[in-house]
Structures are given as C-alpha cells and as structure tokens.
$ cat data-v2.txt   # compact mmCIF, C-alpha atoms
# COMPACT_ATOMS: atom_id res chain seq x y z
CA MET A 1 -3.39 2.79 -2.36
CA ASP A 2 -0.40 3.92 -0.40
CA ASN A 3 -1.71 0.89 0.98
CA THR A 4 -1.79 -1.64 0.26
CA GLU A 5 -1.34 -2.19 -1.28
CA PRO A 6 1.29 -1.39 -3.09
CA ILE A 7 7.97 -1.29 -3.12
CA THR A 8 10.88 -0.82 -5.25
CA ARG A 9 9.86 -2.99 -8.11
CA ARG A 10 11.93 -6.07 -8.63
CA ARG A 11 14.17 -6.20 -11.67
CA ARG A 12 12.10 -7.11 -14.72
CA ASP A 13 14.54 -9.78 -15.83
CA ARG A 14 14.55 -11.61 -12.50
CA PRO A 15 11.65 -13.67 -11.08
CA GLU A 16 10.34 -13.07 -7.61
CA CYS A 17 10.47 -15.96 -5.15
CA PRO A 18 7.06 -17.42 -4.12
CA LYS A 19 7.51 -16.45 -0.45
CA ALA A 20 8.26 -12.85 -1.37
CA ARG A 21 5.23 -12.78 -3.64
CA LEU A 22 3.01 -14.11 -0.85
CA LEU A 23 4.30 -11.51 1.59
CA ARG A 24 3.81 -8.80 -1.01
CA ARG A 25 0.09 -9.50 -1.02
CA VAL A 26 -0.37 -9.24 2.74
CA GLY A 27 -2.10 -6.32 4.31
CA GLY A 28 -3.87 -3.07 3.71
CA ALA A 29 -4.17 -2.09 0.14
CA LEU A 30 -2.63 -5.54 -0.10
CA TRP A 31 0.59 -5.10 1.82
CA ALA A 32 1.09 -1.48 0.35
CA ARG A 33 2.34 -3.69 -2.59
CA VAL A 34 5.79 -4.96 -1.64
CA CYS A 35 7.32 -3.24 -4.75
CA PRO A 36 7.01 0.37 -4.06
CA ARG A 37 3.35 -0.64 -3.92
CA VAL A 38 2.35 -2.62 -0.68
CA CYS A 39 0.37 -0.95 2.27
CA VAL A 40 1.94 0.01 5.97
CA ASP A 41 2.55 2.25 9.25
CA THR A 42 4.37 2.30 12.66
CA ARG A 43 4.82 4.23 15.89
CA VAL A 44 6.10 1.51 18.26
CA CYS A 45 9.69 0.36 18.85
CA PRO A 46 10.53 -2.20 16.14
CA ARG A 47 12.31 -4.38 18.71
CA VAL A 48 9.03 -5.26 20.41
CA CYS A 49 7.88 -8.71 19.28
CA SER A 50 4.34 -8.50 17.89
CA ALA A 51 3.09 -11.58 19.77
CA ARG A 52 4.42 -10.36 23.12
CA ALA A 53 3.25 -6.82 22.45
CA LEU A 54 -0.27 -8.03 21.67
CA SER A 55 -0.47 -9.89 24.98
CA LEU A 56 0.76 -6.78 26.81
CA ASN A 57 -1.63 -4.53 24.89
CA ILE A 58 1.30 -2.41 23.63
CA ASN A 59 0.30 -2.33 19.98
CA VAL A 60 -3.24 -1.32 19.08
CA PRO A 61 -4.54 -3.24 16.06
CA GLY A 62 -5.78 -1.79 12.81
CA VAL A 63 -8.77 -2.72 10.65
CA TYR A 64 -8.74 -3.20 6.89
CA LEU A 65 -11.91 -3.34 4.78
CA SER A 66 -11.60 -4.76 1.26
CA TYR A 67 -13.97 -3.29 -1.33
CA PRO A 68 -12.83 -4.77 -4.68
CA PHE A 69 -15.33 -2.98 -6.94
CA CYS A 70 -14.26 -0.47 -9.58
CA ALA A 71 -16.01 1.53 -12.27
CA GLN A 72 -13.25 0.34 -14.62
CA LYS A 73 -10.16 -1.87 -14.49
CA CYS A 74 -6.94 0.08 -15.01
CA THR A 75 -4.39 -1.47 -17.36
CA TYR A 76 -1.61 -1.55 -14.73
CA CYS A 77 -3.72 -2.98 -11.89
CA ASN A 78 -2.80 -6.45 -10.60
CA PHE A 79 -5.14 -6.52 -7.60
CA SER A 80 -8.15 -8.81 -7.10
CA SER A 81 -10.54 -6.05 -8.10
CA GLY A 82 -12.55 -5.09 -11.15
CA VAL A 83 -15.94 -4.34 -12.67
CA PHE A 84 -18.73 -6.65 -11.46
CA PRO A 85 -22.54 -6.77 -11.76
CA ARG A 86 -24.45 -4.40 -9.49
CA ASP A 87 -26.37 -7.22 -7.78
CA LEU A 88 -23.07 -8.88 -6.85
CA GLU A 89 -21.88 -5.63 -5.29
CA VAL A 90 -25.05 -5.44 -3.16
CA ARG A 91 -24.61 -9.03 -1.98
CA TYR A 92 -20.97 -8.33 -1.19
CA ARG A 93 -21.80 -5.27 0.94
CA GLU A 94 -24.29 -7.33 2.91
CA ALA A 95 -21.77 -10.15 3.47
CA LEU A 96 -19.04 -7.67 4.44
CA ALA A 97 -21.34 -6.01 6.97
CA ARG A 98 -22.24 -9.42 8.45
CA GLU A 99 -18.57 -10.36 8.80
CA ILE A 100 -17.79 -7.10 10.60
CA ARG A 101 -20.78 -7.42 12.94
CA ALA A 102 -19.89 -11.04 13.76
CA HIS A 103 -16.33 -10.19 14.80
CA ALA A 104 -15.47 -10.50 18.48
CA TRP A 105 -13.96 -7.13 19.33
CA ASP A 106 -11.58 -7.95 22.15
CA TRP A 107 -9.76 -4.68 21.54
CA THR A 108 -10.48 -1.18 20.26
CA PRO A 109 -8.97 -0.43 16.84
CA GLU A 110 -6.60 2.49 16.43
CA THR A 111 -6.78 2.72 12.62
CA VAL A 112 -9.22 1.87 9.84
CA TYR A 113 -8.32 1.54 6.16
CA LEU A 114 -10.79 1.08 3.29
CA GLY A 115 -9.01 -0.22 0.22
CA GLY A 116 -9.96 -1.81 -3.03
CA GLY A 117 -11.01 -1.50 -5.64
CA THR A 118 -12.57 1.91 -5.30
CA PRO A 119 -14.31 2.20 -1.92
CA SER A 120 -14.88 5.89 -2.62
CA ASN A 121 -17.72 4.75 -4.91
CA LEU A 122 -19.68 3.59 -1.85
CA ALA A 123 -22.80 5.64 -1.20
CA PRO A 124 -22.57 7.60 2.08
CA ASP A 125 -25.25 5.46 3.75
CA ALA A 126 -23.47 2.26 2.73
CA LEU A 127 -20.14 3.58 4.02
CA ARG A 128 -21.66 4.53 7.39
CA ALA A 129 -23.29 1.11 7.66
CA LEU A 130 -19.90 -0.60 7.24
CA LEU A 131 -18.05 1.67 9.66
CA ARG A 132 -20.71 1.84 12.38
CA PRO A 133 -20.03 -1.61 13.95
CA ILE A 134 -16.28 -0.88 14.26
CA PRO A 135 -15.50 0.38 17.78
CA GLY A 136 -13.18 3.26 18.54
CA HIS A 137 -14.79 6.09 16.56
CA PRO A 138 -13.20 8.55 16.10
CA TRP A 139 -10.15 6.49 15.26
CA ALA A 140 -6.60 7.83 15.40
CA GLU A 141 -6.54 7.46 11.62
CA ALA A 142 -9.21 6.38 9.12
CA THR A 143 -8.28 6.21 5.43
CA ILE A 144 -10.35 5.71 2.30
CA GLU A 145 -8.83 5.06 -1.12
CA ALA A 146 -10.39 7.22 -3.81
CA ALA A 147 -10.27 7.53 -7.58
CA PRO A 148 -10.19 11.18 -8.64
CA GLY A 149 -13.17 12.35 -10.62
CA ASN A 150 -16.17 11.76 -8.35
CA ILE A 151 -15.48 13.62 -5.10
CA ALA A 152 -18.24 16.18 -4.62
CA PRO A 153 -18.56 18.47 -1.57
CA VAL A 154 -21.45 16.38 -0.20
CA THR A 155 -19.32 13.24 -0.56
CA ALA A 156 -16.34 14.73 1.27
CA ARG A 157 -18.57 15.98 4.12
CA ALA A 158 -20.17 12.53 4.42
CA TRP A 159 -16.72 10.93 4.69
CA ALA A 160 -15.67 13.35 7.40
CA ASP A 161 -18.93 12.79 9.31
CA ALA A 162 -18.34 9.01 9.13
CA GLY A 163 -14.91 9.41 10.74
CA ILE A 164 -12.69 9.46 7.64
CA ASP A 165 -9.77 11.84 8.21
CA ARG A 166 -7.35 10.64 5.53
CA VAL A 167 -7.88 10.18 1.78
CA SER A 168 -5.50 8.32 -0.53
CA LEU A 169 -5.96 9.55 -4.09
CA GLY A 170 -5.01 7.13 -6.87
CA VAL A 171 -3.70 9.87 -9.14
CA GLN A 172 -0.84 7.80 -10.70
CA SER A 173 0.08 10.64 -13.09
CA PHE A 174 -0.80 14.25 -13.80
CA VAL A 175 -0.04 13.87 -17.53
CA GLU A 176 -3.06 13.31 -19.78
CA LYS A 177 -1.34 11.02 -22.29
CA GLU A 178 -0.16 8.69 -19.54
CA LEU A 179 -3.53 8.69 -17.81
CA ARG A 180 -5.48 7.81 -20.96
CA ARG A 181 -3.27 4.80 -21.60
CA THR A 182 -4.05 3.47 -18.13
CA GLY A 183 -7.77 3.93 -18.67
CA ARG A 184 -8.09 6.75 -16.14
CA THR A 185 -10.28 9.73 -17.04
CA HIS A 186 -9.34 12.43 -14.53
CA THR A 187 -7.12 15.43 -15.21
CA ALA A 188 -4.63 17.37 -13.12
CA GLN A 189 -7.20 20.15 -12.76
CA VAL A 190 -9.80 17.68 -11.44
CA VAL A 191 -7.35 16.43 -8.80
CA SER A 192 -6.55 20.01 -7.77
CA GLY A 193 -10.23 20.86 -7.41
CA GLU A 194 -11.04 17.74 -5.41
CA ILE A 195 -8.17 18.27 -2.98
CA ALA A 196 -9.65 21.71 -2.32
CA VAL A 197 -13.04 20.05 -1.74
CA LEU A 198 -11.52 17.61 0.76
CA ARG A 199 -9.74 20.35 2.69
CA ALA A 200 -12.94 22.43 2.79
CA ALA A 201 -14.69 19.42 4.36
CA GLY A 202 -12.05 19.27 7.11
CA ILE A 203 -9.95 16.41 5.70
CA HIS A 204 -6.36 17.62 5.93
CA ASN A 205 -4.40 14.39 5.54
CA ILE A 206 -4.12 13.57 1.84
CA ASN A 207 -1.97 11.04 0.02
CA ILE A 208 -1.19 11.12 -3.70
CA ASP A 209 -0.23 7.88 -5.46
CA LEU A 210 2.21 8.12 -8.38
CA ILE A 211 3.53 5.35 -10.64
CA ALA A 212 6.96 5.54 -12.23
CA GLY A 213 7.26 3.57 -15.46
CA LEU A 214 3.88 4.16 -17.09
CA SER A 215 3.54 3.92 -20.84
CA GLY A 216 4.68 7.09 -22.58
CA GLN A 217 6.39 8.43 -19.48
CA THR A 218 9.57 10.47 -19.95
CA GLU A 219 11.79 12.37 -17.58
CA ALA A 220 10.05 15.59 -18.64
CA SER A 221 6.56 14.20 -18.01
CA TRP A 222 7.64 12.72 -14.67
CA ARG A 223 8.97 16.12 -13.64
CA GLU A 224 5.58 17.57 -14.63
CA SER A 225 3.83 15.20 -12.22
CA LEU A 226 6.28 16.14 -9.47
CA ASP A 227 5.64 19.82 -10.22
CA TRP A 228 1.94 19.19 -9.55
CA VAL A 229 2.80 17.52 -6.26
CA GLU A 230 4.72 20.63 -5.24
CA ARG A 231 1.78 22.81 -6.28
CA LEU A 232 -0.85 20.78 -4.40
CA ALA A 233 1.30 20.23 -1.27
CA PRO A 234 -0.13 16.91 -0.03
CA GLU A 235 0.85 15.56 3.36
CA HIS A 236 1.85 12.15 1.98
CA VAL A 237 3.02 10.73 -1.36
CA SER A 238 3.39 7.11 -2.45
CA VAL A 239 5.69 6.38 -5.40
CA TYR A 240 5.44 2.94 -6.96
CA MET A 241 7.49 1.56 -9.82
CA LEU A 242 5.40 -0.18 -12.46
CA GLU A 243 4.98 -3.82 -11.55
CA VAL A 244 5.30 -6.12 -14.55
CA ASP A 245 3.53 -9.46 -14.12
CA GLU A 246 0.74 -11.52 -15.64
CA ASP A 247 -1.85 -10.21 -13.17
CA SER A 248 -2.32 -6.92 -15.04
CA ARG A 249 -3.29 -6.37 -18.66
CA LEU A 250 -0.34 -4.06 -19.29
CA GLY A 251 2.13 -6.37 -17.55
CA LYS A 252 0.93 -9.42 -19.44
CA GLU A 253 1.13 -7.55 -22.74
CA MET A 254 4.70 -6.48 -21.97
CA LEU A 255 5.73 -10.02 -21.08
CA LEU A 256 4.24 -11.29 -24.35
CA GLY A 257 5.96 -8.59 -26.40
CA GLY A 258 2.63 -7.13 -27.47
CA VAL A 259 1.65 -3.59 -28.38
CA ARG A 260 -1.67 -3.01 -26.62
CA TYR A 261 -1.99 -0.48 -23.77
CA GLY A 262 1.22 1.20 -24.96
CA ALA A 263 3.29 -1.82 -23.90
CA LEU A 264 6.12 -0.99 -26.30
CA ASP A 265 6.31 2.58 -25.06
CA THR A 266 7.10 1.91 -21.41
CA PRO A 267 10.37 3.27 -20.00
CA SER A 268 13.24 0.87 -19.44
CA GLY A 269 13.88 -0.51 -15.97
CA ASP A 270 16.88 1.79 -15.60
CA ALA A 271 14.84 4.83 -16.62
CA THR A 272 12.09 3.91 -14.17
CA ALA A 273 14.64 3.60 -11.37
CA ASP A 274 16.00 7.02 -12.34
CA PHE A 275 12.47 8.47 -12.09
CA TYR A 276 12.10 6.97 -8.62
CA GLU A 277 15.41 8.45 -7.47
CA LEU A 278 14.41 11.82 -8.91
CA ALA A 279 11.19 11.64 -6.87
CA VAL A 280 13.14 10.83 -3.69
CA GLU A 281 15.33 13.89 -4.20
CA ARG A 282 12.51 16.22 -5.21
CA LEU A 283 10.14 15.20 -2.42
CA ALA A 284 12.88 15.53 0.20
CA ALA A 285 13.46 19.10 -0.97
CA LEU A 286 9.74 19.73 -0.39
CA GLY A 287 9.92 18.42 3.18
CA ILE A 288 8.23 15.14 2.22
CA ALA A 289 10.80 12.61 3.40
CA ARG A 290 10.98 8.92 2.53
CA TYR A 291 10.12 6.81 5.58
CA GLU A 292 9.48 3.55 3.69
CA ILE A 293 10.66 2.39 0.28
CA SER A 294 7.62 3.71 -1.57
CA ASN A 295 6.13 6.10 0.99
CA PHE A 296 6.99 9.71 1.76
CA ALA A 297 5.46 12.05 4.32
CA ARG A 298 5.71 15.36 6.05
CA PRO A 299 6.65 14.94 9.73
CA GLY A 300 3.76 13.40 11.68
CA PHE A 301 1.82 12.31 8.58
CA GLU A 302 3.30 8.85 8.10
CA SER A 303 0.54 6.29 7.50
CA ARG A 304 -0.17 4.88 10.94
CA HIS A 305 -2.16 1.98 9.51
CA ASN A 306 0.38 0.86 6.94
CA LEU A 307 3.17 1.05 9.50
CA LYS A 308 1.42 -1.79 11.30
CA TYR A 309 2.18 -4.10 8.37
CA TRP A 310 5.82 -3.05 8.21
CA LYS A 311 6.29 -3.39 11.97
CA LEU A 312 4.44 -6.71 12.17
CA GLU A 313 1.80 -5.25 14.45
CA PRO A 314 -1.67 -6.83 14.66
CA TYR A 315 -4.47 -6.02 12.23
CA VAL A 316 -7.71 -7.64 11.14
CA GLY A 317 -9.05 -7.68 7.59
CA PHE A 318 -12.63 -8.02 6.36
CA GLY A 319 -13.82 -8.86 2.86
CA ALA A 320 -12.51 -10.79 -0.13
CA ASP A 321 -8.75 -11.43 -0.14
CA ALA A 322 -8.36 -9.53 3.16
CA HIS A 323 -5.56 -10.62 5.46
CA SER A 324 -5.37 -10.59 9.25
CA PHE A 325 -2.45 -10.99 11.65
CA ASP A 326 -2.89 -11.51 15.39
CA GLY A 327 0.80 -11.37 16.25
CA ARG A 328 1.26 -15.12 15.78
CA THR A 329 -0.81 -16.36 12.84
CA ARG A 330 -1.93 -14.90 9.52
CA HIS A 331 -5.40 -15.51 8.16
CA GLN A 332 -6.48 -14.87 4.57
CA ASN A 333 -10.09 -14.63 3.43
CA PRO A 334 -11.03 -16.27 0.10
CA GLU A 335 -9.47 -14.32 -2.75
CA SER A 336 -12.38 -14.18 -5.20
CA ILE A 337 -15.66 -12.43 -4.50
CA GLU A 338 -17.58 -15.58 -5.43
CA ASP A 339 -15.64 -17.76 -2.98
CA TYR A 340 -16.02 -15.14 -0.27
CA LEU A 341 -19.79 -15.01 -0.77
CA SER A 342 -20.02 -18.80 -0.78
CA GLY A 343 -18.59 -18.90 2.72
CA ALA A 344 -15.33 -20.64 1.86
CA GLY A 345 -13.07 -20.76 4.89
CA GLN A 346 -9.98 -18.77 5.71
CA VAL A 347 -6.47 -19.95 4.93
CA ASP A 348 -4.16 -19.85 7.94
CA ASP A 349 -0.38 -19.45 7.88
CA VAL A 350 2.12 -19.44 10.73
CA PRO A 351 4.78 -16.95 9.59
CA HIS A 352 8.51 -16.98 10.30
CA LEU A 353 8.43 -13.68 12.16
CA SER A 354 12.20 -13.29 12.41
CA ASP A 355 12.53 -13.66 8.62
CA GLU A 356 9.66 -11.31 7.96
CA ARG A 357 10.95 -8.70 10.40
CA PHE A 358 13.95 -8.30 8.13
CA PHE A 359 11.84 -8.45 4.98
CA VAL A 360 9.37 -5.77 6.05
CA GLY A 361 11.41 -3.87 8.65
CA LEU A 362 14.20 -3.08 6.20
CA ARG A 363 11.62 -1.34 4.02
CA LEU A 364 11.55 1.40 6.64
CA SER A 365 14.15 4.14 6.35
CA ALA A 366 14.75 3.84 10.09
CA GLY A 367 15.75 0.21 9.55
CA ILE A 368 15.66 -2.44 12.24
CA ARG A 369 17.59 -3.26 15.40
CA PRO A 370 18.46 -6.98 15.24
CA ASP A 371 18.79 -8.80 18.53
CA PRO A 372 22.01 -10.78 19.27
CA GLU A 373 20.54 -14.02 17.96
CA GLU A 374 19.50 -12.35 14.67
CA TRP A 375 22.98 -10.87 14.21
CA ARG A 376 24.38 -14.40 14.55
CA ARG A 377 21.77 -16.12 12.40
CA PHE A 378 21.99 -13.65 9.52
CA ASP A 379 25.70 -12.92 9.84
CA ALA A 380 26.59 -14.11 6.31
CA PRO A 381 24.00 -12.12 4.29
CA ILE A 382 24.38 -9.06 6.53
CA HIS A 383 28.13 -8.85 5.97
CA ARG A 384 27.79 -9.67 2.26
CA PHE A 385 25.39 -6.78 1.77
CA LEU A 386 27.42 -4.45 3.99
CA ASP A 387 30.47 -5.16 1.82
CA ALA A 388 28.41 -4.63 -1.34
CA GLY A 389 27.14 -1.27 -0.10
CA LEU A 390 23.49 -2.38 0.00
CA LEU A 391 23.19 -2.27 3.80
CA ALA A 392 24.60 0.14 6.36
CA THR A 393 24.89 -0.11 10.14
CA ASP A 394 25.84 2.03 13.12
CA GLY A 395 26.49 -1.09 15.16
CA ALA A 396 22.95 -1.40 16.46
CA THR A 397 20.62 -0.46 13.59
CA LEU A 398 20.61 -2.06 10.17
CA ARG A 399 19.15 -0.23 7.17
CA LEU A 400 19.17 -0.18 3.40
CA THR A 401 21.45 2.27 1.61
CA ASN A 402 20.10 4.28 -1.32
CA ARG A 403 21.56 1.67 -3.66
CA GLY A 404 20.12 -1.07 -1.48
CA VAL A 405 16.64 0.39 -1.87
CA LEU A 406 16.84 -0.06 -5.64
CA LEU A 407 17.88 -3.70 -5.20
CA SER A 408 15.71 -4.31 -2.15
CA ASN A 409 13.93 -7.44 -3.39
CA GLU A 410 17.28 -9.12 -3.97
CA VAL A 411 18.28 -8.21 -0.41
CA PHE A 412 14.99 -9.29 1.16
CA GLN A 413 14.98 -12.74 -0.40
CA GLU A 414 18.26 -13.58 1.31
CA PHE A 415 16.55 -13.33 4.71
CA LEU A 416 13.60 -15.60 3.96
CA ASN A 417 13.69 -18.97 5.73
CA LEU A 418 17.47 -18.87 6.16

$ encode --input "data-v2.txt" --output "structure tokens"
Amino acid sequence: MDNTEPITRRRRDRPECPKARLLRRVGGALWARVCPRVCVDTRVCPRVCSARALSLNINVPGVYLSYPFCAQKCTYCNFSSGVFPRDLEVRYREALAREIRAHAWDWTPETVYLGGGTPSNLAPDALRALLRPIPGHPWAEATIEAAPGNIAPVTARAWADAGIDRVSLGVQSFVEKELRRTGRTHTAQVVSGEIAVLRAAGIHNINIDLIAGLSGQTEASWRESLDWVERLAPEHVSVYMLEVDEDSRLGKEMLLGGVRYGALDTPSGDATADFYELAVERLAALGIARYEISNFARPGFESRHNLKYWKLEPYVGFGADAHSFDGRTRHQNPESIEDYLSGAGQVDDVPHLSDERFFVGLRLSAGIRPDPEEWRRFDAPIHRFLDAGLLATDGATLRLTNRGVLLSNEVFQEFLNL
C-alpha cells in the first residue's frame, strides 16, 4: 500500500479542494494516497519533462494492476475495494487478463505493482496468468501488496518464481487492540514469521505500512509499533496519517460524531501529527530515511514504481479504477467493478503538468528544481511559504521544511491552476 495508494493527512477541520482530491486518487495503490497514503517512485532528474522524456525513451514506464478484492473491508479503508461474490471475482480476473493481453506494448516496463484490495489472495496460477503477458520479466522491481496472515512458504516461493521481488505488507499496527478495531486479525508474531518466510523465499525487499491515528492509539502504543519495525528491520516503511472522510466506515462515523469502530477513541489531529514526527525521527535513527512525505527507505530501496507517480513519469494501469499516464494525458478506467466489467469507457484528462509537478514533486524530500518560468509564475506563493517557514531553497532547489510537511496539503493547493 506504500502505494498507492496512500501523504501527510490534511487538517481534519479543513476541506480538501476537488483537484487535490482527484490527484490524490491517481496512481499505484491509488497515488500512494496523497495524504501520507498515495503510491510513488523516481530515479530520473525531476527537471526532465515527462512528455519529452517519453518521446526520447528516457523514462521507462511502470505497470499497475488493480485487484480490488478483499477477504474483509477494514474500517479505515477508503479505497474502491471490498468483499464481493466469488463469481464476480472470477469474471474480473478474466476481464483483467483480457485487458492486459489486448494492450499494445510499445515499450518494455521497468516496474510492476499489484495493488488492491488484497492481490496476495490470488492463487499462484492466477497470479502467473496475469503477469505472463507483461513484457520485461524479470522487471527491475515487481511489488505485490499483501495482508499479513496468509503467507505460507509455498505462496512466497510462487511469488518469487513469478517475478515478484518486493512485498508491501499492510501491517498498519503491531498492537492487538488497535488491529482488532480496524477489523484486522493478524498479530505482531504473525508478521514476524511471515517476513522470515519471505526472506527464505529470496524476497529481500519488504515494506511495512503503518497508520498513525488509529482508534485507541497512544504514544506508548505507537512506540511499540516502531519497536517492532526496529526488530524486523524492513527495507522500506510507509507511514500514513489516518484519513478522515466519508469513504471509510471509521471516517464517516467520526464525521457523524458516532461511536462505532472506536470513533470516539481516535487521537487528536495534533497527537497524530506528533506520532508521525516521532516516526520520522525514529526511522532516521534506524537508517530508514524519509524520501517522500509518507515513505521511508534504506539507501537504494526507495520504491521505483511509486517514484514514477511523484516524478510524473509514464505508467499504465489495468483493472477497475486504474489510472494511466502517457506523459501528456491521464486515463482512468471505470471506478466500480460492475462498470469495468460492462465495458464502460475510460475517462481522459489533460493535466496541468506544471501545477502537478509542484504538487507531487514537493512531496519528495529532494524537492524540485523549478525552471525560470516556474519561478516567475509561482513567485507569490513561493515567497509567501518561504517567509512562513514552510518552504526552503538553496537558490535552485525548492523543498518542504519539516513544518511544511505537516501542512503540505495547504501548500500544494496554492500551486493548482494558478
């Protein structure tokens, strides 16, 4: 889920602008969740325009496969995924395979990302059938999102044989009370055992997802989860702040002032921000540095696929609610499974790339290097945020400060369609 997916959460008392919300849903595990939760990766100079780079073959595209089926719907989840009838899942796999086979592969993918949903529930034969038509095996990076609790040795070996070399574990918490309120059934010991299984199968690039702000979470329990991260020593960690909106059961209950799902026992926005900052400090001490607002990695283990979203590099998405970007135009498949199966057409959008380069590029710790025209166009908001201590510059590069990260959505919105 490091994916999409999934961002420093916006302030709970301030609405998010429609453009920002649209952008937040773009990409891998659905844009790695533009609140510490959207999906993204990068290895190419951020000054290279995606459209020009595509024509020069500089950036190698990525592939995203959407598998929106879960064994259960978690209370915090606001993705287009859930529990559906088995026959619908079979029809969906067949349609997804047809879409992949019908694609005109004018290039060889560098990365593959299977998000959801819970694609780890795919049977090995079904997984191989979906991956087989995608050229480029073995890819530079191939990720599958997984829910802890069902990773057996035979499963891990099948993933490795299919070309999977990176697993993103939706752990969310290592504390039993917090997990039960989300609807998750795994334990810290299960996660530990399954990471050992993955490493024994030859998969040595592992991400752990954590959510700050879950019901019942305290500073002590958050430190307990971070202690487990230190113990398990993953290569990558994604830290998302709980996203409160009407698209999740917990978020809707909180907005209505209800009590279900532990809605009254969630930490305050300030406490959640404190947990996030504690994670930044603790992970840095472990050699797991922040390279994007919600993503942290040991050197060389940054998510190559997700960086493509943040650097506006090309990618193609298959399946319900999957997005594609060819360097010029975005395409979105029908959001619901039913509409996707009915053959409803894609929705196209011509993005304002200069605006979005600020919106997504500033998520990266390295920041962006505006060209002379961008310095002139965005002069007013740049200097306002420099004066406010939310942005910093060395004269060429522009980046968020630590305080700017916590108020990132407020900063980003100032660069949209200016």

$ residues_around --input "data-v2.txt" --residues "A:Arg166" --least-positions-apart "5" --cutoff "8 Å" --atoms "all atoms listed in the file" --output "PyMOL selection string"
chain A and resi 141-144+203-207

$ residues_near_point --input "data-v2.txt" --point "(19.1, 2.4, 10.4)" --cutoff "9 Å" --atoms "all atoms listed in the file" --output "list in words"
Leu362, Leu364, Ser365, Ala366, Gly367, Ile368, Arg369, Ala392, Thr393, Asp394, Ala396, Thr397, Leu398, Arg399 and Leu400 of chain A

$ write_last_selection --input "data-v2.txt" --atoms "C-alpha atoms" --output "tab-separated table (two decimals), in the coordinates of the input"
chain	number	residue	atom	x	y	z
A	362	LEU	CA	14.20	-3.08	6.20
A	364	LEU	CA	11.55	1.40	6.64
A	365	SER	CA	14.15	4.14	6.35
A	366	ALA	CA	14.75	3.84	10.09
A	367	GLY	CA	15.75	0.21	9.55
A	368	ILE	CA	15.66	-2.44	12.24
A	369	ARG	CA	17.59	-3.26	15.40
A	392	ALA	CA	24.60	0.14	6.36
A	393	THR	CA	24.89	-0.11	10.14
A	394	ASP	CA	25.84	2.03	13.12
A	396	ALA	CA	22.95	-1.40	16.46
A	397	THR	CA	20.62	-0.46	13.59
A	398	LEU	CA	20.61	-2.06	10.17
A	399	ARG	CA	19.15	-0.23	7.17
A	400	LEU	CA	19.17	-0.18	3.40

$ residues_near_point --input "data-v2.txt" --point "(-10.5, -3.8, 3.5)" --cutoff "8 Å" --atoms "all atoms listed in the file" --output "VMD selection string"
chain A and resid 28 to 29 63 to 67 113 to 116 317 to 319 322

$ residues_around --input "data-v2.txt" --residues "A:Val411" --least-positions-apart "5" --cutoff "9 Å" --atoms "only C-alpha atoms" --output "list in words"
Phe359, Pro381, Phe385, Leu390, Leu391, Leu400, Gly404 and Val405 of chain A

$ atom_distance --input "data-v2.txt" --atom1 "atom CA of A:Glu110" --atom2 "atom CA of A:Val167"
16.6 Å

$ residues_around --input "data-v2.txt" --residues "stretch 274-276 of chain A" --least-positions-apart "5" --cutoff "12 Å" --atoms "only C-alpha atoms" --output "ChimeraX atom specification"
/A:7-9,35-36,210-214,217-226,238-242,267-269,281-283,290,293-296,402-403,405-406
